[in-house]
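Data block for input-v2.cif (mmCIF, C-alpha atoms; chains and numbers go by the auth columns):
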data_data
#
loop_
_atom_site.group_PDB
_atom_site.id
_atom_site.type_symbol
_atom_site.label_atom_id
_atom_site.label_comp_id
_atom_site.label_asym_id
_atom_site.label_seq_id
_atom_site.Cartn_x
_atom_site.Cartn_y
_atom_site.Cartn_z
_atom_site.B_iso_or_equiv
_atom_site.auth_seq_id
_atom_site.auth_asym_id
ATOM 1 C CA MET A 1 5.789 14.734 15.919 0.00 240 A
ATOM 2 C CA ALA A 2 5.426 14.700 12.153 0.00 241 A
ATOM 3 C CA GLY A 3 1.991 15.178 10.676 0.00 242 A
ATOM 4 C CA PRO A 4 -0.094 12.564 8.838 0.00 243 A
ATOM 5 C CA LEU A 5 1.798 10.627 6.207 0.00 244 A
ATOM 6 C CA HIS A 6 0.059 12.407 3.334 0.00 245 A
ATOM 7 C CA THR A 7 1.684 15.657 4.529 0.00 246 A
ATOM 8 C CA GLN A 8 5.198 14.144 4.557 0.00 247 A
ATOM 9 C CA ARG A 9 5.902 14.869 0.915 0.00 248 A
ATOM 10 C CA ASP A 10 9.539 13.800 1.033 0.00 249 A
ATOM 11 C CA ARG A 11 8.310 10.304 1.810 0.00 250 A
ATOM 12 C CA ALA A 12 5.271 10.386 -0.456 0.00 251 A
ATOM 13 C CA ASP A 13 7.406 11.454 -3.421 0.00 252 A
ATOM 14 C CA SER A 14 10.297 9.069 -2.755 0.00 253 A
ATOM 15 C CA PHE A 15 9.097 5.883 -4.413 0.00 254 A
ATOM 16 C CA GLY A 16 10.024 6.716 -7.982 0.00 255 A
ATOM 17 C CA SER A 17 13.695 6.442 -7.089 0.00 256 A
ATOM 18 C CA VAL A 18 13.204 2.727 -6.357 0.00 257 A
ATOM 19 C CA ALA A 19 10.348 1.959 -8.754 0.00 258 A
ATOM 20 C CA ARG A 20 11.764 -1.209 -10.285 0.00 259 A
ATOM 21 C CA ALA A 21 13.013 -2.555 -6.974 0.00 260 A
ATOM 22 C CA TYR A 22 9.578 -1.812 -5.498 0.00 261 A
ATOM 23 C CA ASP A 23 7.876 -3.845 -8.206 0.00 262 A
ATOM 24 C CA ARG A 24 10.356 -6.686 -7.878 0.00 263 A
ATOM 25 C CA HIS A 25 10.374 -7.032 -4.101 0.00 264 A
ATOM 26 C CA ARG A 26 6.996 -5.933 -2.696 0.00 265 A
ATOM 27 C CA PRO A 27 4.705 -8.883 -1.884 0.00 266 A
ATOM 28 C CA ARG A 28 1.723 -9.696 -4.056 0.00 267 A
ATOM 29 C CA TYR A 29 -1.784 -10.067 -2.644 0.00 268 A
ATOM 30 C CA PRO A 30 -3.166 -13.482 -1.713 0.00 269 A
ATOM 31 C CA ALA A 31 -5.471 -14.988 -4.332 0.00 270 A
ATOM 32 C CA GLU A 32 -8.306 -14.930 -1.787 0.00 271 A
ATOM 33 C CA VAL A 33 -8.010 -11.143 -1.499 0.00 272 A
ATOM 34 C CA ILE A 34 -8.178 -10.724 -5.260 0.00 273 A
ATOM 35 C CA ASP A 35 -11.250 -12.991 -5.178 0.00 274 A
ATOM 36 C CA ASP A 36 -12.842 -10.654 -2.610 0.00 275 A
ATOM 37 C CA ILE A 37 -12.231 -7.574 -4.761 0.00 276 A
ATOM 38 C CA ALA A 38 -13.489 -9.343 -7.878 0.00 277 A
ATOM 39 C CA ALA A 39 -16.657 -10.290 -6.000 0.00 278 A
ATOM 40 C CA LEU A 40 -17.215 -6.640 -5.086 0.00 279 A
ATOM 41 C CA ALA A 41 -16.717 -5.595 -8.715 0.00 280 A
ATOM 42 C CA HIS A 42 -19.187 -8.112 -10.214 0.00 281 A
ATOM 43 C CA GLY A 43 -17.221 -7.938 -13.455 0.00 282 A
ATOM 44 C CA GLY A 44 -17.393 -4.143 -13.510 0.00 283 A
ATOM 45 C CA ARG A 45 -14.783 -1.428 -13.587 0.00 284 A
ATOM 46 C CA VAL A 46 -12.129 -0.999 -10.908 0.00 285 A
ATOM 47 C CA LEU A 47 -10.224 2.204 -10.171 0.00 286 A
ATOM 48 C CA ASP A 48 -6.896 1.442 -8.466 0.00 287 A
ATOM 49 C CA VAL A 49 -5.781 4.634 -6.703 0.00 288 A
ATOM 50 C CA GLY A 50 -2.154 5.193 -5.815 0.00 289 A
ATOM 51 C CA SER A 51 -1.487 2.077 -7.817 0.00 290 A
ATOM 52 C CA GLY A 52 2.291 2.303 -7.691 0.00 291 A
ATOM 53 C CA THR A 53 3.811 -0.164 -10.115 0.00 292 A
ATOM 54 C CA GLY A 54 0.443 -1.847 -10.641 0.00 293 A
ATOM 55 C CA ILE A 55 0.848 -4.827 -8.341 0.00 294 A
ATOM 56 C CA ALA A 56 -2.835 -5.074 -7.388 0.00 295 A
ATOM 57 C CA ALA A 57 -4.015 -3.820 -10.790 0.00 296 A
ATOM 58 C CA ALA A 58 -2.109 -6.535 -12.628 0.00 297 A
ATOM 59 C CA GLN A 59 -3.566 -9.238 -10.393 0.00 298 A
ATOM 60 C CA LEU A 60 -7.074 -7.902 -11.029 0.00 299 A
ATOM 61 C CA ALA A 61 -6.474 -7.606 -14.767 0.00 300 A
ATOM 62 C CA GLU A 62 -5.551 -11.294 -14.771 0.00 301 A
ATOM 63 C CA ARG A 63 -9.170 -11.903 -13.684 0.00 302 A
ATOM 64 C CA ASP A 64 -10.334 -10.039 -16.819 0.00 303 A
ATOM 65 C CA LEU A 65 -11.532 -7.067 -14.787 0.00 304 A
ATOM 66 C CA PRO A 66 -11.266 -3.670 -16.527 0.00 305 A
ATOM 67 C CA VAL A 67 -8.862 -1.695 -14.323 0.00 306 A
ATOM 68 C CA LEU A 68 -7.816 1.931 -14.531 0.00 307 A
ATOM 69 C CA SER A 69 -4.890 3.044 -12.377 0.00 308 A
ATOM 70 C CA VAL A 70 -4.228 6.526 -10.988 0.00 309 A
ATOM 71 C CA GLU A 71 -0.669 7.126 -9.784 0.00 310 A
ATOM 72 C CA PRO A 72 1.110 10.405 -8.927 0.00 311 A
ATOM 73 C CA ASP A 73 4.686 9.236 -9.516 0.00 312 A
ATOM 74 C CA ALA A 74 5.760 9.114 -13.160 0.00 313 A
ATOM 75 C CA ALA A 75 8.467 6.475 -12.633 0.00 314 A
ATOM 76 C CA MET A 76 6.093 4.166 -10.762 0.00 315 A
ATOM 77 C CA ALA A 77 3.392 4.720 -13.395 0.00 316 A
ATOM 78 C CA ALA A 78 5.850 3.874 -16.163 0.00 317 A
ATOM 79 C CA VAL A 79 6.497 0.449 -14.624 0.00 318 A
ATOM 80 C CA ALA A 80 2.748 -0.186 -14.429 0.00 319 A
ATOM 81 C CA ALA A 81 2.209 0.973 -18.003 0.00 320 A
ATOM 82 C CA GLY A 82 4.984 -1.384 -19.089 0.00 321 A
ATOM 83 C CA LYS A 83 2.771 -4.256 -17.935 0.00 322 A
ATOM 84 C CA GLY A 84 0.055 -3.129 -20.332 0.00 323 A
ATOM 85 C CA LEU A 85 -2.017 -1.458 -17.619 0.00 324 A
ATOM 86 C CA ARG A 86 -3.980 1.730 -18.227 0.00 325 A
ATOM 87 C CA VAL A 87 -2.522 4.449 -16.028 0.00 326 A
ATOM 88 C CA GLU A 88 -3.418 8.116 -15.596 0.00 327 A
ATOM 89 C CA LEU A 89 -0.872 10.327 -13.865 0.00 328 A
ATOM 90 C CA GLY A 90 -1.894 12.458 -10.898 0.00 329 A
ATOM 91 C CA THR A 91 -2.952 12.533 -7.287 0.00 330 A
ATOM 92 C CA PHE A 92 -6.453 11.327 -6.522 0.00 331 A
ATOM 93 C CA GLU A 93 -7.317 14.694 -5.031 0.00 332 A
ATOM 94 C CA ASP A 94 -6.539 16.456 -8.346 0.00 333 A
ATOM 95 C CA TRP A 95 -7.450 13.683 -10.810 0.00 334 A
ATOM 96 C CA ASP A 96 -10.441 14.367 -13.083 0.00 335 A
ATOM 97 C CA PRO A 97 -12.813 11.386 -13.415 0.00 336 A
ATOM 98 C CA ASP A 98 -14.396 13.113 -16.438 0.00 337 A
ATOM 99 C CA GLY A 99 -17.828 11.652 -15.735 0.00 338 A
ATOM 100 C CA ARG A 100 -16.603 8.074 -15.367 0.00 339 A
ATOM 101 C CA VAL A 101 -18.030 5.827 -12.644 0.00 340 A
ATOM 102 C CA PHE A 102 -16.690 2.617 -11.140 0.00 341 A
ATOM 103 C CA ASP A 103 -17.861 -0.507 -9.376 0.00 342 A
ATOM 104 C CA VAL A 104 -14.858 -0.564 -7.041 0.00 343 A
ATOM 105 C CA VAL A 105 -12.528 2.245 -5.989 0.00 344 A
ATOM 106 C CA LEU A 106 -9.492 0.512 -4.501 0.00 345 A
ATOM 107 C CA PHE A 107 -6.694 1.855 -2.343 0.00 346 A
ATOM 108 C CA ALA A 108 -4.124 -0.950 -1.982 0.00 347 A
ATOM 109 C CA GLN A 109 -1.500 0.121 0.559 0.00 348 A
ATOM 110 C CA SER A 110 -2.115 3.739 -0.488 0.00 349 A
ATOM 111 C CA TRP A 111 -4.867 5.209 1.701 0.00 350 A
ATOM 112 C CA HIS A 112 -2.383 6.902 4.048 0.00 351 A
ATOM 113 C CA TRP A 113 -1.050 9.025 1.167 0.00 352 A
ATOM 114 C CA VAL A 114 -4.351 10.845 0.522 0.00 353 A
ATOM 115 C CA ARG A 115 -6.467 13.321 2.461 0.00 354 A
ATOM 116 C CA ALA A 116 -9.401 11.313 3.758 0.00 355 A
ATOM 117 C CA ASP A 117 -11.653 14.390 3.941 0.00 356 A
ATOM 118 C CA VAL A 118 -11.213 14.831 0.179 0.00 357 A
ATOM 119 C CA ALA A 119 -10.828 11.222 -0.928 0.00 358 A
ATOM 120 C CA VAL A 120 -13.925 9.749 0.744 0.00 359 A
ATOM 121 C CA PRO A 121 -16.524 12.074 -0.812 0.00 360 A
ATOM 122 C CA LYS A 122 -14.745 11.962 -4.171 0.00 361 A
ATOM 123 C CA ALA A 123 -14.700 8.164 -4.164 0.00 362 A
ATOM 124 C CA TYR A 124 -18.362 8.108 -3.137 0.00 363 A
ATOM 125 C CA SER A 125 -19.258 10.401 -6.029 0.00 364 A
ATOM 126 C CA ILE A 126 -17.712 8.129 -8.672 0.00 365 A
ATOM 127 C CA LEU A 127 -19.085 4.847 -7.337 0.00 366 A
ATOM 128 C CA ARG A 128 -22.095 3.294 -8.998 0.00 367 A
ATOM 129 C CA PRO A 129 -24.997 2.564 -6.623 0.00 368 A
ATOM 130 C CA GLY A 130 -23.992 -0.696 -4.980 0.00 369 A
ATOM 131 C CA GLY A 131 -20.316 -0.056 -5.697 0.00 370 A
ATOM 132 C CA SER A 132 -17.628 -0.299 -3.048 0.00 371 A
ATOM 133 C CA LEU A 133 -14.728 1.735 -1.709 0.00 372 A
ATOM 134 C CA ALA A 134 -12.102 -0.842 -0.687 0.00 373 A
ATOM 135 C CA LEU A 135 -9.105 -0.103 1.549 0.00 374 A
ATOM 136 C CA LEU A 136 -6.505 -2.865 1.475 0.00 375 A
ATOM 137 C CA TRP A 137 -3.459 -3.481 3.706 0.00 376 A
ATOM 138 C CA HIS A 138 -0.780 -6.006 4.449 0.00 377 A
ATOM 139 C CA ALA A 139 -1.171 -6.124 8.246 0.00 378 A
ATOM 140 C CA THR A 140 1.990 -8.114 8.834 0.00 379 A
ATOM 141 C CA ALA A 141 5.080 -8.019 11.044 0.00 380 A
ATOM 142 C CA PRO A 142 8.243 -10.057 11.511 0.00 381 A
ATOM 143 C CA GLU A 143 7.860 -13.056 13.792 0.00 382 A
ATOM 144 C CA SER A 144 11.450 -14.280 13.662 0.00 383 A
ATOM 145 C CA PRO A 145 13.400 -12.204 14.538 0.00 384 A
ATOM 146 C CA PRO A 146 10.615 -10.370 16.417 0.00 385 A
ATOM 147 C CA GLN A 147 9.471 -6.844 15.559 0.00 386 A
ATOM 148 C CA ALA A 148 10.862 -5.467 18.830 0.00 387 A
ATOM 149 C CA ASP A 149 14.368 -6.459 17.778 0.00 388 A
ATOM 150 C CA PHE A 150 13.969 -4.664 14.456 0.00 389 A
ATOM 151 C CA ASP A 151 12.578 -1.591 16.202 0.00 390 A
ATOM 152 C CA ALA A 152 15.636 -1.429 18.440 0.00 391 A
ATOM 153 C CA VAL A 153 17.794 -1.197 15.321 0.00 392 A
ATOM 154 C CA TYR A 154 15.543 1.308 13.549 0.00 393 A
ATOM 155 C CA ARG A 155 15.606 3.641 16.571 0.00 394 A
ATOM 156 C CA ARG A 156 19.298 4.253 15.936 0.00 395 A
ATOM 157 C CA TYR A 157 18.382 5.872 12.613 0.00 396 A
ATOM 158 C CA MET A 158 14.881 7.322 12.898 0.00 397 A
ATOM 159 C CA ASP A 159 12.271 8.437 15.380 0.00 398 A
ATOM 160 C CA LEU A 160 9.701 5.681 15.138 0.00 399 A
ATOM 161 C CA ARG A 161 7.051 8.082 16.440 0.00 400 A
ATOM 162 C CA THR A 162 7.465 10.177 13.307 0.00 401 A
ATOM 163 C CA HIS A 163 7.777 7.159 11.013 0.00 402 A
ATOM 164 C CA PRO A 164 4.721 5.100 11.946 0.00 403 A
ATOM 165 C CA THR A 165 3.850 1.860 10.284 0.00 404 A
ATOM 166 C CA ALA A 166 1.439 2.620 7.473 0.00 405 A
ATOM 167 C CA GLY A 167 -2.070 2.062 8.740 0.00 406 A
ATOM 168 C CA ASP A 168 -1.309 2.476 12.432 0.00 407 A
ATOM 169 C CA ASP A 169 -4.211 4.124 14.242 0.00 408 A
ATOM 170 C CA VAL A 170 -6.180 4.562 11.021 0.00 409 A
ATOM 171 C CA PRO A 171 -9.838 3.738 11.814 0.00 410 A
ATOM 172 C CA LEU A 172 -10.631 2.436 8.350 0.00 411 A
ATOM 173 C CA ALA A 173 -14.027 0.896 9.066 0.00 412 A
ATOM 174 C CA ASP A 174 -15.123 3.963 11.037 0.00 413 A
ATOM 175 C CA THR A 175 -14.085 6.243 8.183 0.00 414 A
ATOM 176 C CA LEU A 176 -16.217 4.283 5.715 0.00 415 A
ATOM 177 C CA ALA A 177 -19.224 4.034 8.018 0.00 416 A
ATOM 178 C CA ALA A 178 -19.175 7.789 8.661 0.00 417 A
ATOM 179 C CA ALA A 179 -19.551 8.336 4.915 0.00 418 A
ATOM 180 C CA GLY A 180 -22.824 6.397 4.835 0.00 419 A
ATOM 181 C CA LEU A 181 -21.283 3.222 3.426 0.00 420 A
ATOM 182 C CA THR A 182 -22.188 -0.270 4.607 0.00 421 A
ATOM 183 C CA VAL A 183 -18.965 -1.766 5.917 0.00 422 A
ATOM 184 C CA SER A 184 -17.587 -5.272 5.676 0.00 423 A
ATOM 185 C CA GLU A 185 -14.143 -6.421 6.779 0.00 424 A
ATOM 186 C CA THR A 186 -12.158 -9.432 5.627 0.00 425 A
ATOM 187 C CA THR A 187 -8.792 -10.849 6.650 0.00 426 A
ATOM 188 C CA HIS A 188 -6.714 -13.596 5.107 0.00 427 A
ATOM 189 C CA PRO A 189 -3.715 -15.066 6.918 0.00 428 A
ATOM 190 C CA VAL A 190 -0.247 -14.422 5.545 0.00 429 A
ATOM 191 C CA ARG A 191 3.011 -16.193 6.277 0.00 430 A
ATOM 192 C CA ILE A 192 6.096 -15.430 4.193 0.00 431 A
ATOM 193 C CA GLU A 193 9.597 -16.834 4.543 0.00 432 A
ATOM 194 C CA TYR A 194 12.260 -14.400 3.280 0.00 433 A
ATOM 195 C CA THR A 195 15.921 -14.991 2.729 0.00 434 A
ATOM 196 C CA THR A 196 18.034 -12.311 4.378 0.00 435 A
ATOM 197 C CA GLN A 197 18.798 -10.686 1.022 0.00 436 A
ATOM 198 C CA ALA A 198 15.153 -10.718 -0.063 0.00 437 A
ATOM 199 C CA TRP A 199 14.048 -9.170 3.222 0.00 438 A
ATOM 200 C CA LEU A 200 16.598 -6.375 3.011 0.00 439 A
ATOM 201 C CA ASP A 201 15.705 -5.648 -0.596 0.00 440 A
ATOM 202 C CA MET A 202 12.027 -5.446 0.331 0.00 441 A
ATOM 203 C CA VAL A 203 12.297 -3.212 3.407 0.00 442 A
ATOM 204 C CA PHE A 204 14.409 -0.697 1.515 0.00 443 A
ATOM 205 C CA THR A 205 11.457 -0.006 -0.784 0.00 444 A
ATOM 206 C CA PHE A 206 9.630 1.639 2.160 0.00 445 A
ATOM 207 C CA SER A 207 9.673 5.403 2.343 0.00 446 A
ATOM 208 C CA ALA A 208 11.212 5.718 5.814 0.00 447 A
ATOM 209 C CA GLN A 209 14.272 3.875 4.532 0.00 448 A
ATOM 210 C CA ILE A 210 14.335 5.508 1.084 0.00 449 A
ATOM 211 C CA VAL A 211 14.633 9.034 2.479 0.00 450 A
ATOM 212 C CA LEU A 212 17.544 8.260 4.776 0.00 451 A
ATOM 213 C CA ASP A 213 20.917 9.803 4.060 0.00 452 A
ATOM 214 C CA PRO A 214 22.817 7.295 1.856 0.00 453 A
ATOM 215 C CA ASP A 215 25.481 6.663 4.494 0.00 454 A
ATOM 216 C CA ALA A 216 22.838 6.095 7.160 0.00 455 A
ATOM 217 C CA ALA A 217 20.910 3.803 4.833 0.00 456 A
ATOM 218 C CA GLN A 218 24.027 1.741 4.175 0.00 457 A
ATOM 219 C CA SER A 219 24.746 1.495 7.897 0.00 458 A
ATOM 220 C CA LEU A 220 21.146 0.555 8.688 0.00 459 A
ATOM 221 C CA ARG A 221 21.191 -2.168 6.067 0.00 460 A
ATOM 222 C CA ALA A 222 24.360 -3.612 7.576 0.00 461 A
ATOM 223 C CA ASP A 223 22.891 -3.531 11.090 0.00 462 A
ATOM 224 C CA LEU A 224 19.709 -5.240 9.903 0.00 463 A
ATOM 225 C CA ALA A 225 21.765 -7.888 8.125 0.00 464 A
ATOM 226 C CA ASP A 226 23.658 -8.541 11.365 0.00 465 A
ATOM 227 C CA LEU A 227 20.378 -8.885 13.257 0.00 466 A
ATOM 228 C CA VAL A 228 18.831 -11.288 10.782 0.00 467 A
ATOM 229 C CA GLY A 229 21.930 -13.381 10.177 0.00 468 A
ATOM 230 C CA PRO A 230 21.832 -16.267 7.690 0.00 469 A
ATOM 231 C CA ASP A 231 18.424 -17.635 8.671 0.00 470 A
ATOM 232 C CA GLY A 232 16.223 -15.029 7.008 0.00 471 A
ATOM 233 C CA VAL A 233 12.979 -13.507 8.264 0.00 472 A
ATOM 234 C CA THR A 234 9.545 -15.015 8.864 0.00 473 A
ATOM 235 C CA VAL A 235 6.662 -12.579 8.429 0.00 474 A
ATOM 236 C CA VAL A 236 3.187 -13.366 9.747 0.00 475 A
ATOM 237 C CA GLY A 237 -0.135 -11.588 9.970 0.00 476 A
ATOM 238 C CA SER A 238 -2.932 -11.023 7.511 0.00 477 A
ATOM 239 C CA THR A 239 -4.041 -9.077 4.520 0.00 478 A
ATOM 240 C CA TYR A 240 -6.908 -6.890 5.685 0.00 479 A
ATOM 241 C CA MET A 241 -9.607 -5.192 3.645 0.00 480 A
ATOM 242 C CA ALA A 242 -12.293 -2.784 4.782 0.00 481 A
ATOM 243 C CA ALA A 243 -14.947 -2.307 2.104 0.00 482 A
ATOM 244 C CA GLY A 244 -17.754 0.238 2.203 0.00 483 A
ATOM 245 C CA THR A 245 -20.686 -0.317 -0.147 0.00 484 A
ATOM 246 C CA LYS A 246 -22.734 2.586 -1.498 0.00 485 A
ATOM 247 C CA PRO A 247 -26.508 2.311 -1.117 0.00 486 A
ATOM 248 C CA ARG A 248 -28.400 1.291 -4.242 0.00 487 A
#
For this file, produce the structure as structure tokens.
Amino acid sequence: MAGPLHTQRDRADSFGSVARAYDRHRPRYPAEVIDDIAALAHGGRVLDVGSGTGIAAAQLAERDLPVLSVEPDAAMAAVAAGKGLRVELGTFEDWDPDGRVFDVVLFAQSWHWVRADVAVPKAYSILRPGGSLALLWHATAPESPPQADFDAVYRRYMDLRTHPTAGDDVPLADTLAAAGLTVSETTHPVRIEYTTQAWLDMVFTFSAQIVLDPDAAQSLRADLADLVGPDGVTVVGSTYMAAGTKPR
């Protein structure tokens, strides 16, 4: 079995090779989720950690929230900076807050790439009293065709036990509560209809696919296209957020 995702550096460091495709094809967050984060911030400063191409940061900036992004991959950070976002390059573990404090520290689809034993106390230390550490996920899966059919294809190319879905078996609320934070959880339903091409473009921005040998990746894409056929893919589930609030 492979270790935690943050130790799988080939995957963690793979996203820059598909930075523009990532920004083009990854889903945005529902407006209700952005509302929830804005409510936590109370107009104050947000730190978006592992911000990638700035998908969440850009949506928050549209609400006139001051957002600072921290991103370890230079190519991903360049896409975010091209949107006019403020980005500092580095991993959260090594990043220097330089005395700055925030009303929200956000990990949007990025918590699995950091060491929780380092990230939780560091986030706590830079939160204002009453500020929140927010962990955000797309908790979605294909409905048609069903996930089991996709898994049968993926097993031809990868060991699914060593390529878990991001967020599997991660006790997010428990992690926040153990740090002395008051936890709240929110979910908002998601349903997305993808064309076959759009689905394939999106799933090949995930690290398990990016790191495949090019010939294997091409073969996998063809097999997935055969599975999906002309009717596209329906994805259902929710966007989930666990937020831990620091005592005042």
Return as JSON lines the residues of segment 358-386 of chain A lying at most 7 Å from segment 453-476 of chain A, together with the closest atom-to-atom pair for each and the distance in Å to one decimal, counting all atoms listed in the file, with rows in chain order and ascending residue number.
{"residue": "A:Ala378", "atom": "CA", "partner": "A:Gly476", "partner_atom": "CA", "distance": 5.8}
{"residue": "A:Thr379", "atom": "CA", "partner": "A:Gly476", "partner_atom": "CA", "distance": 4.2}
{"residue": "A:Ala380", "atom": "CA", "partner": "A:Val474", "partner_atom": "CA", "distance": 5.5}
{"residue": "A:Pro381", "atom": "CA", "partner": "A:Val474", "partner_atom": "CA", "distance": 4.3}
{"residue": "A:Glu382", "atom": "CA", "partner": "A:Val474", "partner_atom": "CA", "distance": 5.5}
{"residue": "A:Ser383", "atom": "CA", "partner": "A:Thr473", "partner_atom": "CA", "distance": 5.2}
{"residue": "A:Pro384", "atom": "CA", "partner": "A:Val472", "partner_atom": "CA", "distance": 6.4}
Problem set entry | Answer key for the PyMOL selection byres ((chain A and resi 350) around 12), residues as number ranges by chain | A: 243-245, 251, 287-290, 330-332, 344-349, 351-359, 362, 372-376, 405-407, 409-411, 414, 480-481
Problem set entry | Point-to-point distance from atom CA of Asp252 of chain A to atom CA of Ser446 of chain A, Å rounded to tenths |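 That distance, rounded to one decimal, is 8.7 Å.
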For this session: Please write as a list in words the full residue list that the PyMOL selection byres ((chain A and resi 421) around 7) yields on this file.
Result: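 With the PyMOL selection byres ((chain A and resi 421) around 7) on this model, the match is Ala416, Gly419, Leu420, Val422, Ser423, Gly483, Thr484 and Lys485 of chain A.
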Exercise. With all atoms listed in the file as the atoms that count, which of A:Ala296, A:Leu366, A:Gly321, A:His264 lies nearest to Trp438 of chain A?
Worked result: A:His264
Exercise. A:Arg259, A:His377, A:Arg400, A:Arg395: which is nearest Met315 of chain A, counting all atoms listed in the file?
Worked result: A:Arg259
For this session: Find, counting all atoms listed in the file, the residue in A:Pro428, A:Ala316, A:Val285, A:Phe443 that gets nearest to Thr478 of chain A.
Result: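 So, comparing all the options, the nearest one is A:Pro428.
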For this session: Quote the spacing between atom CA of Ser253 of chain A and atom CA of Asp398 of chain A in Å to one decimal place.
Result: 18.3 Å
Exercise. Quick one, how far is atom CA of Lys322 of chain A from atom CA of Gly283 of chain A?
Worked result: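 Going from atom CA of Lys322 of chain A over to atom CA of Gly283 of chain A, I get 20.6 Å.
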Exercise. For Ala314 of chain A, which residue among A:Ala387, A:Val340, A:Val257, A:Ala412 is the nearest when counting only C-alpha atoms?
Worked result: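 Checking each candidate against Ala314 of chain A, we get A:Val257 as the closest.
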Exercise. Of the residues A:Thr435, A:Phe341, A:Ala319, A:Met397, which is the one nearest to Ala447 of chain A, using only C-alpha atoms?
Worked result: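 Answer, going by the shortest atom-to-atom distance: A:Met397.
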Exercise. Which is closest to Asp335 of chain A among A:Arg265, A:Gly291, A:Ala317, A:Ser364, if we use only C-alpha atoms?
Worked result: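 With only C-alpha atoms as the atom set, the closest residue is A:Ser364.
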Could you rebuild segment 328-339 of chain A with N, CA, C and O atoms and give it back as a tab-separated table (two decimals), keeping the file's coordinate frame?
chain	number	residue	atom	x	y	z
A	328	LEU	N	-1.81	9.75	-14.81
A	328	LEU	CA	-0.87	10.33	-13.86
A	328	LEU	C	-1.53	11.44	-13.07
A	328	LEU	O	-2.18	12.33	-13.64
A	329	GLY	N	-1.38	11.39	-11.74
A	329	GLY	CA	-1.89	12.46	-10.90
A	329	GLY	C	-2.25	11.95	-9.52
A	329	GLY	O	-2.34	10.74	-9.28
A	330	THR	N	-2.43	12.88	-8.60
A	330	THR	CA	-2.95	12.53	-7.29
A	330	THR	C	-4.46	12.35	-7.38
A	330	THR	O	-5.12	12.94	-8.24
A	331	PHE	N	-5.01	11.54	-6.50
A	331	PHE	CA	-6.45	11.33	-6.52
A	331	PHE	C	-7.20	12.62	-6.25
A	331	PHE	O	-8.25	12.88	-6.85
A	332	GLU	N	-6.64	13.45	-5.37
A	332	GLU	CA	-7.32	14.69	-5.03
A	332	GLU	C	-7.48	15.59	-6.25
A	332	GLU	O	-8.50	16.28	-6.39
A	333	ASP	N	-6.50	15.58	-7.17
A	333	ASP	CA	-6.54	16.46	-8.35
A	333	ASP	C	-7.01	15.76	-9.62
A	333	ASP	O	-7.30	16.43	-10.62
A	334	TRP	N	-7.08	14.45	-9.62
A	334	TRP	CA	-7.45	13.68	-10.81
A	334	TRP	C	-8.89	13.97	-11.23
A	334	TRP	O	-9.79	14.08	-10.40
A	335	ASP	N	-9.12	14.08	-12.53
A	335	ASP	CA	-10.44	14.37	-13.08
A	335	ASP	C	-11.09	13.08	-13.58
A	335	ASP	O	-10.63	12.50	-14.57
A	336	PRO	N	-12.16	12.61	-12.95
A	336	PRO	CA	-12.81	11.39	-13.42
A	336	PRO	C	-13.54	11.56	-14.74
A	336	PRO	O	-13.88	10.58	-15.40
A	337	ASP	N	-13.80	12.82	-15.13
A	337	ASP	CA	-14.40	13.11	-16.44
A	337	ASP	C	-15.69	12.35	-16.67
A	337	ASP	O	-15.94	11.79	-17.74
A	338	GLY	N	-16.52	12.28	-15.61
A	338	GLY	CA	-17.83	11.65	-15.74
A	338	GLY	C	-17.84	10.14	-15.61
A	338	GLY	O	-18.91	9.52	-15.65
A	339	ARG	N	-16.66	9.53	-15.46
A	339	ARG	CA	-16.60	8.07	-15.37
A	339	ARG	C	-17.02	7.61	-13.97
A	339	ARG	O	-16.77	8.29	-12.98
